[in-house]
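To be precise, the following lines are query16.pdb, and they hold PDB, C-alpha atoms, pLDDT in the B column.
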```pdb
ATOM      1  CA  MET A   1      92.045 103.452  96.525  1.00 46.00           C
ATOM      2  CA  LYS A   2      92.421 102.340 100.115  1.00 47.00           C
ATOM      3  CA  SER A   3      91.646  98.816  98.983  1.00 50.00           C
ATOM      4  CA  VAL A   4      94.702  98.761  96.701  1.00 55.00           C
ATOM      5  CA  GLY A   5      97.286  96.656  98.508  1.00 56.00           C
ATOM      6  CA  ARG A   6     100.729  98.073  99.154  1.00 67.00           C
ATOM      7  CA  MET A   7     102.487  94.968 100.413  1.00 70.00           C
ATOM      8  CA  HIS A   8     102.288  91.235  99.770  1.00 71.00           C
ATOM      9  CA  THR A   9     100.548  91.652  96.417  1.00 88.00           C
ATOM     10  CA  GLN A  10     100.151  88.703  94.080  1.00 89.00           C
ATOM     11  CA  PRO A  11     102.898  89.905  91.672  1.00 91.00           C
ATOM     12  CA  GLU A  12     105.246  90.433  94.630  1.00 94.00           C
ATOM     13  CA  MET A  13     104.490  86.953  95.975  1.00 94.00           C
ATOM     14  CA  LYS A  14     105.306  85.404  92.581  1.00 94.00           C
ATOM     15  CA  VAL A  15     108.683  87.152  92.493  1.00 94.00           C
ATOM     16  CA  ARG A  16     109.432  86.127  96.089  1.00 94.00           C
ATOM     17  CA  GLN A  17     108.571  82.479  95.399  1.00 94.00           C
ATOM     18  CA  LEU A  18     110.856  82.347  92.371  1.00 93.00           C
ATOM     19  CA  LEU A  19     113.738  84.062  94.183  1.00 93.00           C
ATOM     20  CA  HIS A  20     113.391  81.654  97.088  1.00 93.00           C
ATOM     21  CA  ARG A  21     113.308  78.682  94.710  1.00 91.00           C
ATOM     22  CA  MET A  22     116.524  80.018  93.140  1.00 89.00           C
ATOM     23  CA  GLY A  23     118.171  79.795  96.566  1.00 89.00           C
ATOM     24  CA  LEU A  24     118.254  83.550  97.159  1.00 91.00           C
ATOM     25  CA  ARG A  25     117.375  84.814 100.622  1.00 91.00           C
ATOM     26  CA  PHE A  26     115.951  88.248 101.175  1.00 93.00           C
ATOM     27  CA  ARG A  27     114.283  90.712 103.478  1.00 94.00           C
ATOM     28  CA  LEU A  28     110.952  92.409 102.864  1.00 93.00           C
ATOM     29  CA  HIS A  29     109.970  96.090 102.841  1.00 91.00           C
ATOM     30  CA  GLN A  30     113.176  97.458 104.364  1.00 91.00           C
ATOM     31  CA  LYS A  31     111.999 100.788 105.775  1.00 93.00           C
ATOM     32  CA  SER A  32     115.554 101.889 106.477  1.00 94.00           C
ATOM     33  CA  LEU A  33     116.219 102.135 102.714  1.00 96.00           C
ATOM     34  CA  PRO A  34     114.902 104.892 100.421  1.00 95.00           C
ATOM     35  CA  GLY A  35     111.571 103.898  98.890  1.00 93.00           C
ATOM     36  CA  SER A  36     111.186 100.879 101.216  1.00 94.00           C
ATOM     37  CA  PRO A  37     111.945  98.309  98.457  1.00 96.00           C
ATOM     38  CA  ASP A  38     109.595  95.333  98.209  1.00 95.00           C
ATOM     39  CA  ILE A  39     112.460  92.829  98.295  1.00 95.00           C
ATOM     40  CA  VAL A  40     115.999  93.421  99.547  1.00 96.00           C
ATOM     41  CA  LEU A  41     118.891  91.028  99.014  1.00 94.00           C
ATOM     42  CA  PRO A  42     121.548  92.388 101.401  1.00 93.00           C
ATOM     43  CA  LYS A  43     124.161  89.783 100.397  1.00 91.00           C
ATOM     44  CA  HIS A  44     123.950  90.989  96.786  1.00 91.00           C
ATOM     45  CA  THR A  45     123.337  94.664  97.644  1.00 93.00           C
ATOM     46  CA  THR A  46     120.241  94.508  95.474  1.00 94.00           C
ATOM     47  CA  ALA A  47     116.831  96.100  95.962  1.00 96.00           C
ATOM     48  CA  ILE A  48     113.813  94.957  93.961  1.00 96.00           C
ATOM     49  CA  PHE A  49     110.664  96.953  93.390  1.00 96.00           C
ATOM     50  CA  VAL A  50     107.604  95.100  92.074  1.00 95.00           C
ATOM     51  CA  HIS A  51     105.647  97.848  90.357  1.00 94.00           C
ATOM     52  CA  GLY A  52     102.061  97.785  89.181  1.00 92.00           C
ATOM     53  CA  CYS A  53     101.889  98.828  85.541  1.00 94.00           C
ATOM     54  CA  PHE A  54      98.872 101.098  86.123  1.00 92.00           C
ATOM     55  CA  TRP A  55     100.126 103.004  89.174  1.00 90.00           C
ATOM     56  CA  HIS A  56     103.775 103.329  88.131  1.00 93.00           C
ATOM     57  CA  ARG A  57     103.110 103.935  84.404  1.00 95.00           C
ATOM     58  CA  HIS A  58     104.956 101.078  82.705  1.00 94.00           C
ATOM     59  CA  PRO A  59     105.933 102.537  79.292  1.00 92.00           C
ATOM     60  CA  SER A  60     104.225 100.891  76.295  1.00 91.00           C
ATOM     61  CA  CYS A  61     102.235  98.505  78.496  1.00 93.00           C
ATOM     62  CA  ARG A  62      98.589  97.746  77.824  1.00 92.00           C
ATOM     63  CA  TYR A  63      97.887  97.798  81.565  1.00 91.00           C
ATOM     64  CA  ALA A  64      99.105 101.389  81.981  1.00 91.00           C
ATOM     65  CA  THR A  65      95.821 102.901  80.910  1.00 92.00           C
ATOM     66  CA  THR A  66      94.744 106.407  81.806  1.00 92.00           C
ATOM     67  CA  PRO A  67      91.204 106.939  83.088  1.00 93.00           C
ATOM     68  CA  LYS A  68      89.057 109.042  80.780  1.00 93.00           C
ATOM     69  CA  THR A  69      87.407 110.944  83.639  1.00 94.00           C
ATOM     70  CA  ARG A  70      89.043 113.288  86.157  1.00 94.00           C
ATOM     71  CA  GLN A  71      92.322 113.483  84.271  1.00 93.00           C
ATOM     72  CA  ASP A  72      93.148 116.664  86.182  1.00 94.00           C
ATOM     73  CA  TYR A  73      93.373 114.374  89.238  1.00 95.00           C
ATOM     74  CA  TRP A  74      94.977 111.282  87.706  1.00 94.00           C
ATOM     75  CA  LEU A  75      97.730 112.765  85.535  1.00 95.00           C
ATOM     76  CA  PRO A  76      99.499 114.692  88.332  1.00 96.00           C
ATOM     77  CA  LYS A  77      99.145 111.638  90.586  1.00 95.00           C
ATOM     78  CA  PHE A  78     100.799 109.370  87.995  1.00 95.00           C
ATOM     79  CA  ASP A  79     103.517 111.961  87.309  1.00 96.00           C
ATOM     80  CA  ALA A  80     104.275 112.179  91.028  1.00 96.00           C
ATOM     81  CA  ASN A  81     104.552 108.388  91.272  1.00 95.00           C
ATOM     82  CA  VAL A  82     106.992 108.204  88.359  1.00 96.00           C
ATOM     83  CA  GLU A  83     109.063 111.105  89.726  1.00 97.00           C
ATOM     84  CA  ARG A  84     109.183 109.536  93.200  1.00 96.00           C
ATOM     85  CA  ASP A  85     110.247 106.162  91.755  1.00 96.00           C
ATOM     86  CA  ALA A  86     113.115 107.805  89.859  1.00 97.00           C
ATOM     87  CA  ARG A  87     114.190 109.775  92.929  1.00 97.00           C
ATOM     88  CA  LYS A  88     114.200 106.698  95.207  1.00 97.00           C
ATOM     89  CA  THR A  89     116.074 104.635  92.616  1.00 97.00           C
ATOM     90  CA  ALA A  90     118.739 107.340  92.327  1.00 97.00           C
ATOM     91  CA  GLN A  91     119.056 107.525  96.133  1.00 97.00           C
ATOM     92  CA  LEU A  92     119.527 103.754  96.385  1.00 97.00           C
ATOM     93  CA  GLU A  93     122.086 103.730  93.588  1.00 97.00           C
ATOM     94  CA  SER A  94     124.025 106.557  95.245  1.00 97.00           C
ATOM     95  CA  LEU A  95     124.212 104.372  98.363  1.00 96.00           C
ATOM     96  CA  GLY A  96     125.748 101.587  96.271  1.00 96.00           C
ATOM     97  CA  TRP A  97     122.632  99.455  95.786  1.00 96.00           C
ATOM     98  CA  ARG A  98     121.702  97.729  92.552  1.00 94.00           C
ATOM     99  CA  VAL A  99     118.027  98.404  91.776  1.00 95.00           C
ATOM    100  CA  LEU A 100     115.791  96.087  89.771  1.00 95.00           C
ATOM    101  CA  VAL A 101     112.216  96.864  88.774  1.00 95.00           C
ATOM    102  CA  VAL A 102     109.893  93.974  88.015  1.00 95.00           C
ATOM    103  CA  TRP A 103     106.665  95.075  86.362  1.00 95.00           C
ATOM    104  CA  GLU A 104     103.314  93.492  87.159  1.00 94.00           C
ATOM    105  CA  CYS A 105     102.845  92.379  83.533  1.00 94.00           C
ATOM    106  CA  GLU A 106     106.163  90.489  83.693  1.00 93.00           C
ATOM    107  CA  THR A 107     104.771  88.308  86.472  1.00 93.00           C
ATOM    108  CA  LYS A 108     101.895  87.028  84.324  1.00 93.00           C
ATOM    109  CA  ASP A 109     104.119  84.436  82.580  1.00 93.00           C
ATOM    110  CA  ARG A 110     106.057  82.443  85.159  1.00 92.00           C
ATOM    111  CA  CYS A 111     108.607  81.023  82.687  1.00 93.00           C
ATOM    112  CA  THR A 112     109.494  84.461  81.324  1.00 91.00           C
ATOM    113  CA  LEU A 113     109.764  85.892  84.834  1.00 93.00           C
ATOM    114  CA  GLU A 114     111.996  83.056  85.981  1.00 92.00           C
ATOM    115  CA  GLU A 115     114.218  83.477  82.914  1.00 92.00           C
ATOM    116  CA  ARG A 116     114.547  87.204  83.572  1.00 90.00           C
ATOM    117  CA  LEU A 117     115.391  86.719  87.263  1.00 91.00           C
ATOM    118  CA  ARG A 118     117.962  84.011  86.464  1.00 90.00           C
ATOM    119  CA  ARG A 119     119.538  86.322  83.881  1.00 90.00           C
ATOM    120  CA  ASP A 120     119.632  89.246  86.326  1.00 86.00           C
ATOM    121  CA  PHE A 121     121.109  87.179  89.127  1.00 80.00           C
ATOM    122  CA  SER A 122     123.569  85.214  86.996  1.00 73.00           C
ATOM    123  CA  LEU A 123     125.503  88.497  86.923  1.00 55.00           C
ATOM    124  CA  LEU A 124     125.948  88.095  90.683  1.00 53.00           C
ATOM    125  CA  SER A 125     127.908  84.843  90.555  1.00 50.00           C
ATOM    126  CA  PRO A 126     130.869  84.423  92.964  1.00 47.00           C
ATOM    127  CA  SER A 127     133.265  85.440  90.176  1.00 43.00           C
ATOM    128  CA  ASN A 128     131.179  88.593  89.660  1.00 43.00           C
ATOM    129  CA  PRO A 129     130.333  89.952  93.148  1.00 47.00           C
ATOM    130  CA  ALA A 130     127.845  92.733  93.767  1.00 46.00           C
ATOM    131  CA  PRO A 131     129.171  96.292  94.001  1.00 45.00           C
ATOM    132  CA  GLN A 132     130.349  97.317  97.450  1.00 46.00           C
ATOM    133  CA  GLY A 133     128.978 100.170  99.504  1.00 45.00           C
ATOM    134  CA  GLY A 134     125.572  98.869 100.614  1.00 43.00           C
ATOM    135  CA  ALA A 135     124.399  98.833 104.196  1.00 41.00           C
ATOM    136  CA  GLU A 136     125.184  95.747 106.249  1.00 37.00           C
ATOM    137  CA  TYR A 137     122.413  93.910 108.048  1.00 28.00           C
TER     138      TYR A 137
END
```

Translate this structure into structure tokens?
Amino acid sequence: MKSVGRMHTQPEMKVRQLLHRMGLRFRLHQKSLPGSPDIVLPKHTTAIFVHGCFWHRHPSCRYATTPKTRQDYWLPKFDANVERDARKTAQLESLGWRVLVVWECETKDRCTLEERLRRDFSLLSPSNPAPQGGAEY
């Protein structure tokens, strides 16, 4: 499991490339925020987590399989991941941050991912600013 990358994964890189192409500027792995989000857009008070479907248990996803062996090890581990994700999301939201989760399977089709990101960030147009209350950088 040590070989499983935590930062700069291929799905994360795809999201970063599309956000950059959309003209959005961001910071990476902000340790000062709960959960150390993968991508942080301070101007829009938005934190983005790029979750692997297997590790973070994407509901109804074919990639969120459960190993047949050692389930006494895997099930509590997966439950802890899901619980931690919910806790960190709630902490960020209580600080005034908007939290987006992009699942690994959503990054497989670039057009669909780009459409989703454009839809999510069209809500942040100048006439519709992000909620206030986030930390300033």

>> Running the PyMOL selection byres ((chain A and resi 74-84) around 12) on this model by hand, what would come out? Give it as a list in words.
In response: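 Written out, the selection comes to Pro34, Gly35, Ser36, His51, Gly52, Cys53, Phe54, Trp55, His56, Arg57, His58, Pro59, Ala64, Thr65, Thr66, Pro67, Lys68, Thr69, Arg70, Gln71, Asp72, Tyr73, Asp85, Ala86, Arg87, Lys88, Thr89, Ala90 and Gln91 of chain A.
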
Preceding selection exported with C-alpha atoms as an mmCIF file, in the frame of the given file:
```cif
data_model
loop_
_atom_site.group_PDB
_atom_site.id
_atom_site.type_symbol
_atom_site.label_atom_id
_atom_site.label_comp_id
_atom_site.auth_asym_id
_atom_site.auth_seq_id
_atom_site.Cartn_x
_atom_site.Cartn_y
_atom_site.Cartn_z
ATOM 1 C CA PRO A 34 114.902 104.892 100.421
ATOM 2 C CA GLY A 35 111.571 103.898 98.890
ATOM 3 C CA SER A 36 111.186 100.879 101.216
ATOM 4 C CA HIS A 51 105.647 97.848 90.357
ATOM 5 C CA GLY A 52 102.061 97.785 89.181
ATOM 6 C CA CYS A 53 101.889 98.828 85.541
ATOM 7 C CA PHE A 54 98.872 101.098 86.123
ATOM 8 C CA TRP A 55 100.126 103.004 89.174
ATOM 9 C CA HIS A 56 103.775 103.329 88.131
ATOM 10 C CA ARG A 57 103.110 103.935 84.404
ATOM 11 C CA HIS A 58 104.956 101.078 82.705
ATOM 12 C CA PRO A 59 105.933 102.537 79.292
ATOM 13 C CA ALA A 64 99.105 101.389 81.981
ATOM 14 C CA THR A 65 95.821 102.901 80.910
ATOM 15 C CA THR A 66 94.744 106.407 81.806
ATOM 16 C CA PRO A 67 91.204 106.939 83.088
ATOM 17 C CA LYS A 68 89.057 109.042 80.780
ATOM 18 C CA THR A 69 87.407 110.944 83.639
ATOM 19 C CA ARG A 70 89.043 113.288 86.157
ATOM 20 C CA GLN A 71 92.322 113.483 84.271
ATOM 21 C CA ASP A 72 93.148 116.664 86.182
ATOM 22 C CA TYR A 73 93.373 114.374 89.238
ATOM 23 C CA ASP A 85 110.247 106.162 91.755
ATOM 24 C CA ALA A 86 113.115 107.805 89.859
ATOM 25 C CA ARG A 87 114.190 109.775 92.929
ATOM 26 C CA LYS A 88 114.200 106.698 95.207
ATOM 27 C CA THR A 89 116.074 104.635 92.616
ATOM 28 C CA ALA A 90 118.739 107.340 92.327
ATOM 29 C CA GLN A 91 119.056 107.525 96.133
#
```

>> Env of Arg118 of chain A: 12 Å cut, atoms = only C-alpha atoms, seq-sep filter 6 positions within chain, self excluded. Answer as a PyMOL selection string.
In response: chain A and resi 15+18-24+111-112+124-125

Using C-alpha atoms, can you write the selected residues to a file as a PDB file, keeping the file's coordinate frame?
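The resulting result17.pdb:
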```pdb
ATOM      1  CA  VAL A  15     108.683  87.152  92.493  1.00 94.00           C
ATOM      2  CA  LEU A  18     110.856  82.347  92.371  1.00 93.00           C
ATOM      3  CA  LEU A  19     113.738  84.062  94.183  1.00 93.00           C
ATOM      4  CA  HIS A  20     113.391  81.654  97.088  1.00 93.00           C
ATOM      5  CA  ARG A  21     113.308  78.682  94.710  1.00 91.00           C
ATOM      6  CA  MET A  22     116.524  80.018  93.140  1.00 89.00           C
ATOM      7  CA  GLY A  23     118.171  79.795  96.566  1.00 89.00           C
ATOM      8  CA  LEU A  24     118.254  83.550  97.159  1.00 91.00           C
ATOM      9  CA  CYS A 111     108.607  81.023  82.687  1.00 93.00           C
ATOM     10  CA  THR A 112     109.494  84.461  81.324  1.00 91.00           C
ATOM     11  CA  LEU A 124     125.948  88.095  90.683  1.00 53.00           C
ATOM     12  CA  SER A 125     127.908  84.843  90.555  1.00 50.00           C
TER      13      SER A 125
END
```

> Could you state the separation of atom CA of His29 of chain A and atom CA of Glu106 of chain A in Å, given to one decimal place?
Replying inline: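 For atom CA of His29 of chain A relative to atom CA of Glu106 of chain A, the distance reads 20.3 Å.
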
> Counting all atoms listed in the file, which of A:Val50, A:Ser122, A:Lys43, A:Arg27 gets nearest to Trp103 of chain A?
Replying inline: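 Smallest separation from Trp103 of chain A among the options: A:Val50.
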
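Taking atom CA of Ile48 of chain A and atom CA of Pro11 of chain A as endpoints, the distance between them is 12.2 Å.
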
> How would you write, as a PyMOL selection string, the residues chosen by the PyMOL selection byres ((chain A and resi 45) around 7) on this structure?
Replying inline: chain A and resi 41-44+46-47+97-98+130+134

> Mind pulling up the distance from atom CA of Tyr63 of chain A to atom CA of Asp120 of chain A?
Replying inline: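 Atom-to-atom, atom CA of Asp120 of chain A and atom CA of Tyr63 of chain A are spaced 23.8 Å apart.
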